[in-house]
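Here's the structure, in structure tokens; my notes come after.
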Amino acid sequence: MECNGKKASGFNTQIIHDEYQAPAGFAAFTVPIHHASTVLFDNVAAMRARTWLEKSSYTYGLHGTPTSFTLEARLAQIEGGNHCLLAPSGLAAITLIDLTFLQSGDDVLIPDNAYGPNRELANWLSGSFGVSARFYDPLIGAGITDLIQSNTKLIWTEAPGSVSMEVPDIPAICAAAREKGVLVALDNTWAAGVAFSAFDHGVDIVMQALTKYQSGGSDVLMGAVITRSKELNARLLTAHMRLGLGVGMDDAYLVLRNLPTLKLRFDAHDSSARKVARWLSQRPEITKVLHPALPDCPGHDVWKRDFTGAGGLFSVLFDARYSEQQTDRFVDHLKLFKIGFSWGGAHSLCVPYRIEKMRGNWTDKGVLVRFNIGLEDADDLIADIEQALMQL
């Protein structure tokens, strides 16, 4: 490095301005991890010519590096969309959608079985920011047209509900919304973009919690918002920038590393979960298996029509003769199933829910317990459940 015709001699200067450049031509399957806050420009004209409003160049690390751009492109391809934005968590992705398309005086419709923090966010927006939030029966289908008001700007859907597992008629809801000029957003985390083609069924905006199957390792928090519309993406991108949402490139790399096995893992979860669910459906302790691929689950016929798979997440209802204390004892005595939230990783999980406190119109009796079937052998998981059932 020369300054004023002389080579810089200061030790710190030489370390900071090292001139070595690695040779070109290196190729590997992995996507490089590009860390950056500061992005460099060749000259002032190049700096002034770039903008964060489009993704053909780089401006600042918060707006993306080649690592995050690559992940966004691959996620959009998997989901069948054209544009993708990353967020620090699934909830951050939900928040991005709400704050992009809702303002004071607007109305949002949310299914009664929505992901709990989505409900809580809606209630917060309603109580503090003047947004009207109303909750609807997830099986309402085309009947949602009667709930749409002149100020309704957004309808949330979730397929299926993440705890009670009802499968909504997404095409019917989207058709009703389109007639009224209302946007539909879908939490498509359960199907991971693998088992349900959201945009082909009429959805405008897809949200994913990449924390689940895309990560696959129970070690990453990340969300994504995907659209086909350039106009909707531009609105989302502006809010994304204003909110300062960004993700770490190490985390982006972890998701990229696991995407090639996404379908293989999803199918393995699916196969084992169906085997375990069918076994549970024969147990006298269980009154209902809430697995979309089984007939007990509300919306099962819609699942058969619209979905191509089911993944590893489902719930069961214990017979009402068992108390919460007894079902807690069942969960505590599981060996292979661990107690913890989230799902989509290699390890099986089990969580009991007080579902009657989470839903506005829950009438079923008995304790609800949700299972995430991991990648262990299904027969071993069944044996584990069987020994824990003995503790009831």
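Letters A, B, ... mark the chains of the structure tokens in the order given; residue numbers begin at 1 per chain; ligand numbers begin at 1, in order shown.
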_Which residues are near A:His333? Cut-off 12 Å, only C-alpha atoms, ignore same chain within fewer than 5 positions. Put them as a ChimeraX atom specification._
/A:326-328,338-339,350,384-392
Residues from the last selection, N, CA and C atoms, saved as a PDB file, in the first residue's frame:
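For reference, out_16.pdb as written:
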```pdb
ATOM      1  N   GLN A 326     -52.166 -36.163  35.472  1.00  0.00           N
ATOM      2  CA  GLN A 326     -51.826 -37.466  34.907  1.00  0.00           C
ATOM      3  C   GLN A 326     -51.141 -37.335  33.546  1.00  0.00           C
ATOM      4  N   THR A 327     -51.660 -36.459  32.686  1.00  0.00           N
ATOM      5  CA  THR A 327     -51.032 -36.295  31.373  1.00  0.00           C
ATOM      6  C   THR A 327     -49.660 -35.638  31.496  1.00  0.00           C
ATOM      7  N   ASP A 328     -49.503 -34.749  32.478  1.00  0.00           N
ATOM      8  CA  ASP A 328     -48.168 -34.189  32.735  1.00  0.00           C
ATOM      9  C   ASP A 328     -47.201 -35.303  33.140  1.00  0.00           C
ATOM     10  N   LYS A 338     -38.315 -35.207  24.168  1.00  0.00           N
ATOM     11  CA  LYS A 338     -37.927 -34.164  25.105  1.00  0.00           C
ATOM     12  C   LYS A 338     -39.025 -33.108  25.163  1.00  0.00           C
ATOM     13  N   ILE A 339     -39.054 -32.352  26.256  1.00  0.00           N
ATOM     14  CA  ILE A 339     -40.054 -31.311  26.441  1.00  0.00           C
ATOM     15  C   ILE A 339     -39.463 -29.997  25.958  1.00  0.00           C
ATOM     16  N   CYS A 350     -42.350 -33.247  22.809  1.00  0.00           N
ATOM     17  CA  CYS A 350     -43.733 -33.419  23.273  1.00  0.00           C
ATOM     18  C   CYS A 350     -44.060 -32.289  24.242  1.00  0.00           C
ATOM     19  N   ASP A 384     -41.513 -45.902  23.398  1.00  0.00           N
ATOM     20  CA  ASP A 384     -41.354 -44.876  24.426  1.00  0.00           C
ATOM     21  C   ASP A 384     -42.724 -44.342  24.868  1.00  0.00           C
ATOM     22  N   ILE A 385     -43.607 -44.068  23.912  1.00  0.00           N
ATOM     23  CA  ILE A 385     -44.949 -43.586  24.259  1.00  0.00           C
ATOM     24  C   ILE A 385     -45.700 -44.653  25.058  1.00  0.00           C
ATOM     25  N   GLU A 386     -45.547 -45.887  24.663  1.00  0.00           N
ATOM     26  CA  GLU A 386     -46.267 -46.969  25.338  1.00  0.00           C
ATOM     27  C   GLU A 386     -45.851 -47.093  26.791  1.00  0.00           C
ATOM     28  N   GLN A 387     -44.541 -47.020  27.071  1.00  0.00           N
ATOM     29  CA  GLN A 387     -44.119 -47.133  28.469  1.00  0.00           C
ATOM     30  C   GLN A 387     -44.566 -45.931  29.283  1.00  0.00           C
ATOM     31  N   ALA A 388     -44.630 -44.728  28.654  1.00  0.00           N
ATOM     32  CA  ALA A 388     -45.084 -43.545  29.366  1.00  0.00           C
ATOM     33  C   ALA A 388     -46.575 -43.577  29.631  1.00  0.00           C
ATOM     34  N   LEU A 389     -47.345 -44.184  28.702  1.00  0.00           N
ATOM     35  CA  LEU A 389     -48.788 -44.330  28.912  1.00  0.00           C
ATOM     36  C   LEU A 389     -49.083 -45.192  30.138  1.00  0.00           C
ATOM     37  N   MET A 390     -48.175 -46.094  30.457  1.00  0.00           N
ATOM     38  CA  MET A 390     -48.355 -46.942  31.632  1.00  0.00           C
ATOM     39  C   MET A 390     -48.355 -46.130  32.921  1.00  0.00           C
ATOM     40  N   GLN A 391     -47.805 -44.909  32.846  1.00  0.00           N
ATOM     41  CA  GLN A 391     -47.740 -44.066  34.051  1.00  0.00           C
ATOM     42  C   GLN A 391     -49.056 -43.342  34.334  1.00  0.00           C
ATOM     43  N   LEU A 392     -49.975 -43.372  33.365  1.00  0.00           N
ATOM     44  CA  LEU A 392     -51.259 -42.714  33.592  1.00  0.00           C
ATOM     45  C   LEU A 392     -52.032 -43.349  34.748  1.00  0.00           C
TER      46      LEU A 392
END
```
Report as a PDB file with C-alpha atoms, in the first residue's frame: the residues of stretch 155-371 of chain A with a DSSP assignment of helix (DSSP H, G or I), based on the backbone of this structure.
```
ATOM      1  CA  ILE A 170     -57.316 -21.756   1.695  1.00  0.00           C
ATOM      2  CA  PRO A 171     -58.614 -21.477  -1.913  1.00  0.00           C
ATOM      3  CA  ALA A 172     -62.111 -20.574  -0.677  1.00  0.00           C
ATOM      4  CA  ILE A 173     -60.760 -17.926   1.711  1.00  0.00           C
ATOM      5  CA  CYS A 174     -58.509 -16.479  -0.997  1.00  0.00           C
ATOM      6  CA  ALA A 175     -61.333 -16.337  -3.523  1.00  0.00           C
ATOM      7  CA  ALA A 176     -63.540 -14.440  -1.067  1.00  0.00           C
ATOM      8  CA  ALA A 177     -60.692 -12.069  -0.189  1.00  0.00           C
ATOM      9  CA  ARG A 178     -59.848 -11.399  -3.827  1.00  0.00           C
ATOM     10  CA  GLU A 179     -63.424 -10.347  -4.568  1.00  0.00           C
ATOM     11  CA  LYS A 180     -63.142  -7.750  -1.799  1.00  0.00           C
ATOM     12  CA  PHE A 199     -49.339 -19.210  -4.364  1.00  0.00           C
ATOM     13  CA  ASP A 200     -51.018 -21.730  -6.652  1.00  0.00           C
ATOM     14  CA  HIS A 201     -53.915 -21.823  -4.178  1.00  0.00           C
ATOM     15  CA  LYS A 230     -43.105  -7.007  -7.236  1.00  0.00           C
ATOM     16  CA  GLU A 231     -45.360  -4.312  -5.784  1.00  0.00           C
ATOM     17  CA  LEU A 232     -46.020  -6.184  -2.534  1.00  0.00           C
ATOM     18  CA  ASN A 233     -42.327  -6.980  -2.196  1.00  0.00           C
ATOM     19  CA  ALA A 234     -41.427  -3.303  -2.620  1.00  0.00           C
ATOM     20  CA  ARG A 235     -43.738  -2.381   0.250  1.00  0.00           C
ATOM     21  CA  LEU A 236     -42.323  -5.168   2.397  1.00  0.00           C
ATOM     22  CA  LEU A 237     -38.753  -4.196   1.524  1.00  0.00           C
ATOM     23  CA  THR A 238     -39.333  -0.607   2.619  1.00  0.00           C
ATOM     24  CA  ALA A 239     -40.755  -1.696   5.990  1.00  0.00           C
ATOM     25  CA  HIS A 240     -37.947  -4.266   6.316  1.00  0.00           C
ATOM     26  CA  MET A 241     -35.385  -1.474   5.971  1.00  0.00           C
ATOM     27  CA  ARG A 242     -37.223   0.932   8.284  1.00  0.00           C
ATOM     28  CA  LEU A 243     -37.401  -1.745  10.985  1.00  0.00           C
ATOM     29  CA  MET A 249     -24.624 -14.756   7.868  1.00  0.00           C
ATOM     30  CA  ASP A 250     -23.498 -17.749   9.940  1.00  0.00           C
ATOM     31  CA  ASP A 251     -27.160 -18.571  10.542  1.00  0.00           C
ATOM     32  CA  ALA A 252     -27.962 -18.017   6.866  1.00  0.00           C
ATOM     33  CA  TYR A 253     -25.188 -20.473   6.005  1.00  0.00           C
ATOM     34  CA  LEU A 254     -26.622 -23.098   8.378  1.00  0.00           C
ATOM     35  CA  VAL A 255     -29.990 -22.905   6.640  1.00  0.00           C
ATOM     36  CA  LEU A 256     -28.347 -23.018   3.201  1.00  0.00           C
ATOM     37  CA  ARG A 257     -26.343 -26.068   4.236  1.00  0.00           C
ATOM     38  CA  ASN A 258     -29.488 -27.981   5.178  1.00  0.00           C
ATOM     39  CA  LEU A 259     -31.767 -27.001   2.284  1.00  0.00           C
ATOM     40  CA  PRO A 260     -30.538 -29.793  -0.054  1.00  0.00           C
ATOM     41  CA  THR A 261     -31.927 -32.396   2.378  1.00  0.00           C
ATOM     42  CA  LEU A 262     -35.154 -30.515   3.164  1.00  0.00           C
ATOM     43  CA  LYS A 263     -37.475 -32.769   1.153  1.00  0.00           C
ATOM     44  CA  LEU A 264     -35.747 -35.975   2.304  1.00  0.00           C
ATOM     45  CA  ARG A 265     -36.027 -34.957   5.953  1.00  0.00           C
ATOM     46  CA  PHE A 266     -39.607 -33.723   5.586  1.00  0.00           C
ATOM     47  CA  ASP A 267     -40.658 -37.030   4.031  1.00  0.00           C
ATOM     48  CA  ALA A 268     -38.883 -38.997   6.789  1.00  0.00           C
ATOM     49  CA  HIS A 269     -40.667 -36.971   9.484  1.00  0.00           C
ATOM     50  CA  ASP A 270     -43.933 -37.511   7.613  1.00  0.00           C
ATOM     51  CA  SER A 271     -43.565 -41.282   7.323  1.00  0.00           C
ATOM     52  CA  SER A 272     -42.711 -41.782  10.986  1.00  0.00           C
ATOM     53  CA  ALA A 273     -45.375 -39.354  12.208  1.00  0.00           C
ATOM     54  CA  ARG A 274     -48.122 -41.165  10.320  1.00  0.00           C
ATOM     55  CA  LYS A 275     -46.999 -44.491  11.784  1.00  0.00           C
ATOM     56  CA  VAL A 276     -46.967 -43.113  15.323  1.00  0.00           C
ATOM     57  CA  ALA A 277     -50.285 -41.285  14.800  1.00  0.00           C
ATOM     58  CA  ARG A 278     -52.023 -44.411  13.507  1.00  0.00           C
ATOM     59  CA  TRP A 279     -50.746 -46.377  16.486  1.00  0.00           C
ATOM     60  CA  LEU A 280     -52.018 -43.706  18.876  1.00  0.00           C
ATOM     61  CA  SER A 281     -55.421 -43.741  17.170  1.00  0.00           C
ATOM     62  CA  HIS A 300     -58.970 -33.751   6.680  1.00  0.00           C
ATOM     63  CA  ASP A 301     -60.813 -33.702   3.336  1.00  0.00           C
ATOM     64  CA  VAL A 302     -59.276 -30.333   2.478  1.00  0.00           C
ATOM     65  CA  TRP A 303     -55.842 -31.715   3.331  1.00  0.00           C
ATOM     66  CA  LYS A 304     -56.418 -34.659   0.958  1.00  0.00           C
ATOM     67  CA  ARG A 305     -57.430 -32.261  -1.816  1.00  0.00           C
ATOM     68  CA  ASP A 306     -54.728 -29.599  -1.458  1.00  0.00           C
ATOM     69  CA  GLU A 324     -53.842 -32.624  33.684  1.00  0.00           C
ATOM     70  CA  GLN A 325     -51.671 -34.016  36.469  1.00  0.00           C
ATOM     71  CA  GLN A 326     -51.826 -37.466  34.907  1.00  0.00           C
ATOM     72  CA  THR A 327     -51.032 -36.295  31.373  1.00  0.00           C
ATOM     73  CA  ASP A 328     -48.168 -34.189  32.735  1.00  0.00           C
ATOM     74  CA  ARG A 329     -46.858 -37.364  34.327  1.00  0.00           C
ATOM     75  CA  PHE A 330     -47.098 -39.100  30.956  1.00  0.00           C
ATOM     76  CA  VAL A 331     -45.014 -36.351  29.315  1.00  0.00           C
ATOM     77  CA  ASP A 332     -42.486 -36.348  32.151  1.00  0.00           C
ATOM     78  CA  ILE A 355     -55.844 -25.427  24.724  1.00  0.00           C
ATOM     79  CA  GLU A 356     -59.098 -24.170  26.224  1.00  0.00           C
ATOM     80  CA  LYS A 357     -57.234 -21.022  27.346  1.00  0.00           C
ATOM     81  CA  MET A 358     -55.738 -20.492  23.897  1.00  0.00           C
TER      82      MET A 358
END
```
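Put simply, atom CA of A:Ile16 is 14.7 Å away from atom CA of A:Thr38.
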*Residue nearest A:Gly141 - candidates A:Gly127, A:Gly299, A:Gly193, A:Gly246, atoms counted: only C-alpha atoms*: A:Gly299
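Between atom CA of A:Ser104 and atom CA of A:Leu121 lies a distance of 14.4 Å.
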*Please provide as a ChimeraX atom specification all residues within 9 Å of A:Thr95, with the sequence filter that same-chain residues fewer than 5 positions apart are discarded (counting only C-alpha atoms).*
/A:90,100,118,121
Could you write out the selected residues, including C-alpha atoms, as a short mmCIF file (atom, residue, chain, number, x, y, z; two decimals), in the first residue's frame?
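Dumped everything to part_33.cif:
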```
data_model
loop_
_atom_site.label_atom_id
_atom_site.label_comp_id
_atom_site.auth_asym_id
_atom_site.auth_seq_id
_atom_site.Cartn_x
_atom_site.Cartn_y
_atom_site.Cartn_z
CA GLY A 90 -40.73 -16.39 12.41
CA THR A 100 -46.28 -3.29 6.20
CA ASN A 118 -49.43 -14.00 16.18
CA LEU A 121 -49.19 -9.38 18.36
#
```
